[in-house]
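Shown next: upload_17.txt, given as compact mmCIF, N, CA and C atoms.
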```
# COMPACT_ATOMS: atom_id res chain seq x y z
N GLU Q 1 171.41 115.75 52.85
CA GLU Q 1 171.08 115.24 51.53
C GLU Q 1 169.79 114.41 51.56
N TYR Q 2 169.68 113.54 52.57
CA TYR Q 2 168.48 112.71 52.70
C TYR Q 2 167.22 113.58 52.80
N TRP Q 3 167.31 114.62 53.62
CA TRP Q 3 166.18 115.53 53.80
C TRP Q 3 165.78 116.18 52.48
N LYS Q 4 166.75 116.63 51.72
CA LYS Q 4 166.47 117.27 50.44
C LYS Q 4 165.74 116.32 49.50
N LYS Q 5 166.17 115.08 49.45
CA LYS Q 5 165.58 114.10 48.53
C LYS Q 5 164.19 113.65 48.97
N ASN Q 6 163.95 113.62 50.28
CA ASN Q 6 162.72 113.03 50.81
C ASN Q 6 161.82 114.01 51.54
N ARG Q 7 162.10 115.28 51.42
CA ARG Q 7 161.39 116.31 52.18
C ARG Q 7 159.88 116.19 52.06
N SER Q 8 159.36 116.15 50.87
CA SER Q 8 157.93 116.12 50.65
C SER Q 8 157.29 114.88 51.29
N ASN Q 9 157.90 113.74 51.11
CA ASN Q 9 157.38 112.50 51.66
C ASN Q 9 157.43 112.52 53.19
N LEU Q 10 158.50 113.04 53.78
CA LEU Q 10 158.62 113.12 55.23
C LEU Q 10 157.58 114.06 55.83
N ILE Q 11 157.35 115.18 55.18
CA ILE Q 11 156.33 116.13 55.65
C ILE Q 11 154.94 115.50 55.57
N THR Q 12 154.66 114.82 54.50
CA THR Q 12 153.36 114.15 54.35
C THR Q 12 153.15 113.12 55.44
N LYS Q 13 154.16 112.32 55.72
CA LYS Q 13 154.05 111.29 56.76
C LYS Q 13 153.85 111.91 58.14
N GLU Q 14 154.55 112.99 58.44
CA GLU Q 14 154.38 113.65 59.74
C GLU Q 14 152.99 114.25 59.87
N ARG Q 15 152.47 114.83 58.81
CA ARG Q 15 151.09 115.35 58.85
C ARG Q 15 150.09 114.25 59.09
N GLN Q 16 150.31 113.09 58.47
CA GLN Q 16 149.42 111.94 58.67
C GLN Q 16 149.47 111.45 60.11
N ARG Q 17 150.67 111.39 60.68
CA ARG Q 17 150.81 110.97 62.08
C ARG Q 17 150.12 111.96 63.01
N TYR Q 18 150.30 113.25 62.74
CA TYR Q 18 149.66 114.28 63.56
C TYR Q 18 148.14 114.15 63.49
N GLN Q 19 147.60 113.99 62.28
CA GLN Q 19 146.15 113.86 62.12
C GLN Q 19 145.62 112.61 62.82
N ALA Q 20 146.38 111.53 62.79
CA ALA Q 20 145.95 110.30 63.47
C ALA Q 20 145.91 110.51 64.98
N ARG Q 21 146.91 111.19 65.54
CA ARG Q 21 146.92 111.47 66.98
C ARG Q 21 145.78 112.41 67.35
N ARG Q 22 145.54 113.40 66.53
CA ARG Q 22 144.45 114.35 66.76
C ARG Q 22 143.10 113.63 66.77
N GLU Q 23 142.88 112.79 65.76
CA GLU Q 23 141.64 112.03 65.66
C GLU Q 23 141.46 111.10 66.86
N GLU Q 24 142.54 110.46 67.29
CA GLU Q 24 142.49 109.57 68.44
C GLU Q 24 142.07 110.32 69.70
N CYS Q 25 142.60 111.52 69.89
CA CYS Q 25 142.23 112.32 71.06
C CYS Q 25 140.77 112.76 71.00
N PHE Q 26 140.33 113.21 69.85
CA PHE Q 26 138.93 113.61 69.73
C PHE Q 26 138.00 112.43 69.94
N ASN Q 27 138.39 111.25 69.46
CA ASN Q 27 137.56 110.06 69.69
C ASN Q 27 137.45 109.77 71.18
N HIS Q 28 138.50 110.03 71.92
CA HIS Q 28 138.45 109.78 73.36
C HIS Q 28 137.65 110.85 74.10
N TYR Q 29 137.94 112.11 73.85
CA TYR Q 29 137.32 113.21 74.61
C TYR Q 29 135.97 113.64 74.04
N GLY Q 30 135.64 113.21 72.86
CA GLY Q 30 134.38 113.57 72.22
C GLY Q 30 134.64 114.28 70.91
N ASN Q 31 133.73 114.14 70.00
CA ASN Q 31 133.92 114.69 68.65
C ASN Q 31 133.08 115.92 68.40
N SER Q 32 132.73 116.62 69.48
CA SER Q 32 131.99 117.88 69.30
C SER Q 32 132.29 118.80 70.48
N CYS Q 33 132.09 120.07 70.25
CA CYS Q 33 132.31 121.10 71.28
C CYS Q 33 131.33 120.88 72.43
N VAL Q 34 131.85 120.78 73.64
CA VAL Q 34 130.98 120.56 74.79
C VAL Q 34 130.13 121.79 75.12
N CYS Q 35 130.46 122.93 74.55
CA CYS Q 35 129.71 124.15 74.82
C CYS Q 35 128.60 124.37 73.79
N CYS Q 36 128.96 124.44 72.51
CA CYS Q 36 127.98 124.79 71.49
C CYS Q 36 127.57 123.62 70.60
N GLY Q 37 128.26 122.49 70.69
CA GLY Q 37 127.90 121.32 69.91
C GLY Q 37 128.52 121.24 68.53
N GLU Q 38 129.36 122.20 68.15
CA GLU Q 38 130.01 122.16 66.83
C GLU Q 38 130.72 120.83 66.67
N HIS Q 39 130.56 120.21 65.51
CA HIS Q 39 131.18 118.91 65.29
C HIS Q 39 132.10 118.84 64.07
N GLU Q 40 132.27 119.93 63.37
CA GLU Q 40 133.22 119.97 62.26
C GLU Q 40 134.63 119.89 62.85
N THR Q 41 135.33 118.79 62.60
CA THR Q 41 136.60 118.56 63.27
C THR Q 41 137.66 119.63 62.96
N SER Q 42 137.58 120.26 61.82
CA SER Q 42 138.58 121.29 61.51
C SER Q 42 138.42 122.51 62.41
N PHE Q 43 137.28 122.65 63.09
CA PHE Q 43 137.05 123.76 64.00
C PHE Q 43 137.35 123.41 65.46
N LEU Q 44 137.63 122.15 65.75
CA LEU Q 44 137.75 121.70 67.13
C LEU Q 44 139.18 121.76 67.66
N THR Q 45 139.28 121.86 68.98
CA THR Q 45 140.57 121.87 69.67
C THR Q 45 140.37 121.26 71.05
N ILE Q 46 141.48 120.92 71.68
CA ILE Q 46 141.45 120.42 73.05
C ILE Q 46 141.65 121.60 74.00
N ASP Q 47 140.79 121.66 75.01
CA ASP Q 47 140.81 122.75 75.99
C ASP Q 47 141.25 122.22 77.35
N HIS Q 48 142.06 123.01 78.04
CA HIS Q 48 142.40 122.74 79.44
C HIS Q 48 141.25 123.28 80.28
N ILE Q 49 140.48 122.42 80.89
CA ILE Q 49 139.28 122.82 81.62
C ILE Q 49 139.60 123.85 82.71
N ARG Q 50 140.72 123.69 83.40
CA ARG Q 50 141.06 124.58 84.52
C ARG Q 50 141.79 125.84 84.08
N ASN Q 51 141.79 126.12 82.79
CA ASN Q 51 142.41 127.33 82.25
C ASN Q 51 143.91 127.42 82.56
N ASP Q 52 144.56 126.27 82.59
CA ASP Q 52 145.98 126.24 82.90
C ASP Q 52 146.83 125.78 81.71
N GLY Q 53 146.34 126.05 80.51
CA GLY Q 53 147.03 125.60 79.31
C GLY Q 53 148.42 126.18 79.14
N ALA Q 54 148.60 127.46 79.40
CA ALA Q 54 149.92 128.07 79.23
C ALA Q 54 150.92 127.46 80.19
N ALA Q 55 150.53 127.28 81.45
CA ALA Q 55 151.42 126.68 82.43
C ALA Q 55 151.72 125.23 82.07
N HIS Q 56 150.72 124.52 81.59
CA HIS Q 56 150.92 123.13 81.20
C HIS Q 56 151.88 123.01 80.03
N ARG Q 57 151.72 123.85 79.02
CA ARG Q 57 152.63 123.81 77.87
C ARG Q 57 154.06 124.13 78.29
N LYS Q 58 154.23 125.07 79.21
CA LYS Q 58 155.56 125.41 79.70
C LYS Q 58 156.19 124.23 80.44
N LYS Q 59 155.40 123.58 81.27
CA LYS Q 59 155.88 122.43 82.03
C LYS Q 59 156.15 121.23 81.12
N MET Q 60 155.28 121.05 80.12
CA MET Q 60 155.39 119.92 79.20
C MET Q 60 156.65 120.01 78.35
N GLY Q 61 157.04 121.21 78.01
CA GLY Q 61 158.21 121.40 77.18
C GLY Q 61 157.97 121.12 75.71
N THR Q 62 156.72 121.04 75.33
CA THR Q 62 156.39 120.80 73.93
C THR Q 62 155.05 121.43 73.61
N ASN Q 63 154.80 121.64 72.36
CA ASN Q 63 153.47 122.13 71.97
C ASN Q 63 152.68 121.03 71.27
N GLU Q 64 153.11 119.78 71.42
CA GLU Q 64 152.43 118.64 70.82
C GLU Q 64 151.52 117.98 71.87
N LEU Q 65 150.39 118.63 72.12
CA LEU Q 65 149.46 118.19 73.16
C LEU Q 65 148.89 116.80 72.85
N PHE Q 66 148.56 116.51 71.61
CA PHE Q 66 147.95 115.23 71.29
C PHE Q 66 148.84 114.06 71.68
N SER Q 67 150.12 114.14 71.37
CA SER Q 67 151.05 113.07 71.76
C SER Q 67 151.13 112.94 73.27
N TRP Q 68 151.14 114.07 73.96
CA TRP Q 68 151.22 114.05 75.42
C TRP Q 68 149.97 113.40 76.01
N LEU Q 69 148.79 113.74 75.50
CA LEU Q 69 147.55 113.16 76.01
C LEU Q 69 147.55 111.64 75.85
N ILE Q 70 147.97 111.17 74.68
CA ILE Q 70 148.01 109.73 74.42
C ILE Q 70 149.01 109.05 75.34
N ALA Q 71 150.21 109.62 75.45
CA ALA Q 71 151.26 109.02 76.28
C ALA Q 71 150.88 108.98 77.75
N ASN Q 72 150.01 109.90 78.19
CA ASN Q 72 149.59 109.96 79.58
C ASN Q 72 148.20 109.37 79.80
N ASP Q 73 147.77 108.53 78.87
CA ASP Q 73 146.51 107.77 78.99
C ASP Q 73 145.29 108.67 79.18
N TYR Q 74 145.22 109.73 78.41
CA TYR Q 74 144.06 110.63 78.37
C TYR Q 74 143.63 111.09 79.76
N PRO Q 75 144.44 111.90 80.41
CA PRO Q 75 144.08 112.34 81.76
C PRO Q 75 142.82 113.21 81.77
N SER Q 76 142.21 113.30 82.93
CA SER Q 76 141.06 114.19 83.09
C SER Q 76 141.57 115.63 83.05
N GLY Q 77 140.67 116.57 82.99
CA GLY Q 77 141.04 117.98 82.97
C GLY Q 77 141.09 118.58 81.58
N PHE Q 78 140.65 117.80 80.59
CA PHE Q 78 140.64 118.26 79.20
C PHE Q 78 139.26 118.01 78.61
N GLN Q 79 138.92 118.84 77.62
CA GLN Q 79 137.63 118.70 76.92
C GLN Q 79 137.80 119.21 75.51
N VAL Q 80 136.83 118.89 74.68
CA VAL Q 80 136.82 119.39 73.31
C VAL Q 80 135.97 120.65 73.27
N LEU Q 81 136.55 121.70 72.71
CA LEU Q 81 135.80 122.93 72.42
C LEU Q 81 136.07 123.30 70.97
N CYS Q 82 135.15 124.04 70.37
CA CYS Q 82 135.46 124.62 69.07
C CYS Q 82 136.40 125.80 69.33
N ARG Q 83 137.06 126.23 68.32
CA ARG Q 83 138.03 127.31 68.50
C ARG Q 83 137.34 128.61 68.93
N ASN Q 84 136.11 128.83 68.50
CA ASN Q 84 135.39 130.04 68.92
C ASN Q 84 135.11 130.00 70.42
N CYS Q 85 134.60 128.89 70.92
CA CYS Q 85 134.32 128.78 72.35
C CYS Q 85 135.61 128.82 73.16
N ASN Q 86 136.66 128.20 72.65
CA ASN Q 86 137.94 128.21 73.34
C ASN Q 86 138.49 129.63 73.45
N TRP Q 87 138.43 130.37 72.36
CA TRP Q 87 138.91 131.75 72.36
C TRP Q 87 138.01 132.64 73.22
N GLY Q 88 136.70 132.43 73.12
CA GLY Q 88 135.77 133.18 73.95
C GLY Q 88 136.00 132.94 75.42
N LYS Q 89 136.29 131.70 75.78
CA LYS Q 89 136.60 131.35 77.16
C LYS Q 89 137.85 132.10 77.62
N TYR Q 90 138.86 132.14 76.77
CA TYR Q 90 140.09 132.86 77.09
C TYR Q 90 139.82 134.35 77.31
N LEU Q 91 139.06 134.96 76.41
CA LEU Q 91 138.79 136.39 76.49
C LEU Q 91 137.85 136.76 77.63
N ASN Q 92 137.06 135.79 78.08
CA ASN Q 92 136.02 136.06 79.07
C ASN Q 92 136.39 135.53 80.46
N GLY Q 93 137.66 135.48 80.76
CA GLY Q 93 138.09 135.10 82.10
C GLY Q 93 137.85 133.65 82.46
N GLY Q 94 137.87 132.76 81.47
CA GLY Q 94 137.75 131.33 81.75
C GLY Q 94 136.37 130.75 81.57
N VAL Q 95 135.43 131.57 81.11
CA VAL Q 95 134.07 131.09 80.89
C VAL Q 95 133.65 131.49 79.49
N CYS Q 96 133.21 130.52 78.68
CA CYS Q 96 132.74 130.84 77.34
C CYS Q 96 131.57 131.81 77.42
N PRO Q 97 131.51 132.81 76.54
CA PRO Q 97 130.38 133.74 76.55
C PRO Q 97 129.03 133.05 76.40
N HIS Q 98 128.99 131.87 75.79
CA HIS Q 98 127.74 131.12 75.73
C HIS Q 98 127.21 130.77 77.11
N GLN Q 99 128.13 130.62 78.08
CA GLN Q 99 127.77 130.17 79.43
C GLN Q 99 127.55 131.33 80.41
N SER Q 100 127.95 132.54 80.02
CA SER Q 100 127.84 133.66 80.98
C SER Q 100 126.56 134.44 80.79
```
Can you present the structure in this file as structure tokens?
Amino acid sequence: EYWKKNRSNLITKERQRYQARREECFNHYGNSCVCCGEHETSFLTIDHIRNDGAAHRKKMGTNELFSWLIANDYPSGFQVLCRNCNWGKYLNGGVCPHQS
């Protein structure tokens, strides 16, 4: 019953918390793609530098990377990439096509 009455407000609050965690991580790791320099935050993502993202997500047991990064005091091994460079890196064997 509580969920039905407060659904919209709860979803809004969770989105706000997610955006705050996302912004905090980008402020720590940088606010632009380390490969191409893109700085529009809606295009940015966190990249596992060693190409071990799938294994890390499996080990982490969650897909909430931003919370994990904050809770673990922003460990090394991560960087900001735009989604194009991140996807290009994935498709190109771990190296963004800009770099090959």
As a PDB file with N, CA and C atoms, in the frame of the given file, please: all residues of chain Q that backbone DSSP puts in strand (DSSP E or B).
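Below you can see states_19.pdb, which holds the result:
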```pdb
ATOM      1  N   LEU Q  44     137.630 122.150  65.750  1.00  0.00           N
ATOM      2  CA  LEU Q  44     137.750 121.700  67.130  1.00  0.00           C
ATOM      3  C   LEU Q  44     139.180 121.760  67.660  1.00  0.00           C
ATOM      4  N   THR Q  45     139.280 121.860  68.980  1.00  0.00           N
ATOM      5  CA  THR Q  45     140.570 121.870  69.670  1.00  0.00           C
ATOM      6  C   THR Q  45     140.370 121.260  71.050  1.00  0.00           C
ATOM      7  N   ILE Q  46     141.480 120.920  71.680  1.00  0.00           N
ATOM      8  CA  ILE Q  46     141.450 120.420  73.050  1.00  0.00           C
ATOM      9  C   ILE Q  46     141.650 121.600  74.000  1.00  0.00           C
ATOM     10  N   ASP Q  47     140.790 121.660  75.010  1.00  0.00           N
ATOM     11  CA  ASP Q  47     140.810 122.750  75.990  1.00  0.00           C
ATOM     12  C   ASP Q  47     141.250 122.220  77.350  1.00  0.00           C
ATOM     13  N   HIS Q  48     142.060 123.010  78.040  1.00  0.00           N
ATOM     14  CA  HIS Q  48     142.400 122.740  79.440  1.00  0.00           C
ATOM     15  C   HIS Q  48     141.250 123.280  80.280  1.00  0.00           C
ATOM     16  N   PHE Q  78     140.650 117.800  80.590  1.00  0.00           N
ATOM     17  CA  PHE Q  78     140.640 118.260  79.200  1.00  0.00           C
ATOM     18  C   PHE Q  78     139.260 118.010  78.610  1.00  0.00           C
ATOM     19  N   GLN Q  79     138.920 118.840  77.620  1.00  0.00           N
ATOM     20  CA  GLN Q  79     137.630 118.700  76.920  1.00  0.00           C
ATOM     21  C   GLN Q  79     137.800 119.210  75.510  1.00  0.00           C
ATOM     22  N   VAL Q  80     136.830 118.890  74.680  1.00  0.00           N
ATOM     23  CA  VAL Q  80     136.820 119.390  73.310  1.00  0.00           C
ATOM     24  C   VAL Q  80     135.970 120.650  73.270  1.00  0.00           C
ATOM     25  N   LEU Q  81     136.550 121.700  72.710  1.00  0.00           N
ATOM     26  CA  LEU Q  81     135.800 122.930  72.420  1.00  0.00           C
ATOM     27  C   LEU Q  81     136.070 123.300  70.970  1.00  0.00           C
ATOM     28  N   CYS Q  82     135.150 124.040  70.370  1.00  0.00           N
ATOM     29  CA  CYS Q  82     135.460 124.620  69.070  1.00  0.00           C
ATOM     30  C   CYS Q  82     136.400 125.800  69.330  1.00  0.00           C
TER      31      CYS Q  82
END
```
Have a look at atom CA of Q:Glu40 and atom CA of Q:Ile11 and let me know their distance in Å, one decimal.
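About the pair atom CA of Q:Glu40 and atom CA of Q:Ile11: they are 24.3 Å apart.
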Might you pull out every residue within 6.5 Å of Q:Asp47, with all atoms listed in the file counted and same-chain residues fewer than 5 positions away left off, and present them as an NGL selection string?
:Q and (77-81)
Between atom CA of Q:Gly37 and atom CA of Q:Arg22, what is the distance, to one decimal in Å?
18.2 Å
Please report the interatomic distance between atom CA of Q:Phe26 and atom CA of Q:Thr41 in Å with one decimal.
8.5 Å
Run DSSP on the backbone and tell me which residues of chain Q come out as alpha helix (DSSP H); list them as a count of residues only.
52
Skipping near chain neighbours, those fewer than 2 positions away, what residues fall within 5 Å of stretch 82-96 of chain Q using all atoms listed in the file, listed as a tab-separated table (two decimals) with N, CA and C atoms, keeping the file's coordinate frame?
```tsv
chain	number	residue	atom	x	y	z
Q	33	CYS	N	132.09	120.07	70.25
Q	33	CYS	CA	132.31	121.10	71.28
Q	33	CYS	C	131.33	120.88	72.43
Q	43	PHE	N	137.28	122.65	63.09
Q	43	PHE	CA	137.05	123.76	64.00
Q	43	PHE	C	137.35	123.41	65.46
Q	44	LEU	N	137.63	122.15	65.75
Q	44	LEU	CA	137.75	121.70	67.13
Q	44	LEU	C	139.18	121.76	67.66
Q	45	THR	N	139.28	121.86	68.98
Q	45	THR	CA	140.57	121.87	69.67
Q	45	THR	C	140.37	121.26	71.05
Q	80	VAL	N	136.83	118.89	74.68
Q	80	VAL	CA	136.82	119.39	73.31
Q	80	VAL	C	135.97	120.65	73.27
Q	98	HIS	N	128.99	131.87	75.79
Q	98	HIS	CA	127.74	131.12	75.73
Q	98	HIS	C	127.21	130.77	77.11
Q	99	GLN	N	128.13	130.62	78.08
Q	99	GLN	CA	127.77	130.17	79.43
Q	99	GLN	C	127.55	131.33	80.41
Q	100	SER	N	127.95	132.54	80.02
Q	100	SER	CA	127.84	133.66	80.98
Q	100	SER	C	126.56	134.44	80.79
```
For Q:Asp73, work out the shell of residues within 12 Å, counting only C-alpha atoms and skipping chain neighbours fewer than 3 positions away, then give it as number ranges by chain.
Q: 24-25, 28-29, 66-70, 76
Some atoms are absent from stretch 77-97 of chain Q, so rebuild N, CA, C and O atoms and return them as a short mmCIF file (atom, residue, chain, number, x, y, z; two decimals), in the frame of the given file.
```
data_model
loop_
_atom_site.label_atom_id
_atom_site.label_comp_id
_atom_site.auth_asym_id
_atom_site.auth_seq_id
_atom_site.Cartn_x
_atom_site.Cartn_y
_atom_site.Cartn_z
N GLY Q 77 140.67 116.57 82.99
CA GLY Q 77 141.04 117.98 82.97
C GLY Q 77 141.09 118.58 81.58
O GLY Q 77 141.52 119.71 81.41
N PHE Q 78 140.65 117.80 80.59
CA PHE Q 78 140.64 118.26 79.20
C PHE Q 78 139.26 118.01 78.61
O PHE Q 78 138.54 117.12 79.03
N GLN Q 79 138.92 118.84 77.62
CA GLN Q 79 137.63 118.70 76.92
C GLN Q 79 137.80 119.21 75.51
O GLN Q 79 138.76 119.90 75.19
N VAL Q 80 136.83 118.89 74.68
CA VAL Q 80 136.82 119.39 73.31
C VAL Q 80 135.97 120.65 73.27
O VAL Q 80 134.84 120.67 73.78
N LEU Q 81 136.55 121.70 72.71
CA LEU Q 81 135.80 122.93 72.42
C LEU Q 81 136.07 123.30 70.97
O LEU Q 81 137.12 122.96 70.42
N CYS Q 82 135.15 124.04 70.37
CA CYS Q 82 135.46 124.62 69.07
C CYS Q 82 136.40 125.80 69.33
O CYS Q 82 136.52 126.29 70.46
N ARG Q 83 137.06 126.23 68.32
CA ARG Q 83 138.03 127.31 68.50
C ARG Q 83 137.34 128.61 68.93
O ARG Q 83 137.93 129.40 69.67
N ASN Q 84 136.11 128.83 68.50
CA ASN Q 84 135.39 130.04 68.92
C ASN Q 84 135.11 130.00 70.42
O ASN Q 84 135.35 130.99 71.13
N CYS Q 85 134.60 128.89 70.92
CA CYS Q 85 134.32 128.78 72.35
C CYS Q 85 135.61 128.82 73.16
O CYS Q 85 135.65 129.44 74.23
N ASN Q 86 136.66 128.20 72.65
CA ASN Q 86 137.94 128.21 73.34
C ASN Q 86 138.49 129.63 73.45
O ASN Q 86 138.93 130.07 74.51
N TRP Q 87 138.43 130.37 72.36
CA TRP Q 87 138.91 131.75 72.36
C TRP Q 87 138.01 132.64 73.22
O TRP Q 87 138.48 133.48 73.98
N GLY Q 88 136.70 132.43 73.12
CA GLY Q 88 135.77 133.18 73.95
C GLY Q 88 136.00 132.94 75.42
O GLY Q 88 135.95 133.86 76.24
N LYS Q 89 136.29 131.70 75.78
CA LYS Q 89 136.60 131.35 77.16
C LYS Q 89 137.85 132.10 77.62
O LYS Q 89 137.89 132.66 78.72
N TYR Q 90 138.86 132.14 76.77
CA TYR Q 90 140.09 132.86 77.09
C TYR Q 90 139.82 134.35 77.31
O TYR Q 90 140.27 134.95 78.28
N LEU Q 91 139.06 134.96 76.41
CA LEU Q 91 138.79 136.39 76.49
C LEU Q 91 137.85 136.76 77.63
O LEU Q 91 137.83 137.91 78.08
N ASN Q 92 137.06 135.79 78.08
CA ASN Q 92 136.02 136.06 79.07
C ASN Q 92 136.39 135.53 80.46
O ASN Q 92 135.53 135.13 81.22
N GLY Q 93 137.66 135.48 80.76
CA GLY Q 93 138.09 135.10 82.10
C GLY Q 93 137.85 133.65 82.46
O GLY Q 93 137.64 133.32 83.62
N GLY Q 94 137.87 132.76 81.47
CA GLY Q 94 137.75 131.33 81.75
C GLY Q 94 136.37 130.75 81.57
O GLY Q 94 136.15 129.58 81.85
N VAL Q 95 135.43 131.57 81.11
CA VAL Q 95 134.07 131.09 80.89
C VAL Q 95 133.65 131.49 79.49
O VAL Q 95 133.72 132.67 79.12
N CYS Q 96 133.21 130.52 78.68
CA CYS Q 96 132.74 130.84 77.34
C CYS Q 96 131.57 131.81 77.42
O CYS Q 96 130.69 131.66 78.27
N PRO Q 97 131.51 132.81 76.54
CA PRO Q 97 130.38 133.74 76.55
C PRO Q 97 129.03 133.05 76.40
O PRO Q 97 128.02 133.59 76.87
#
```
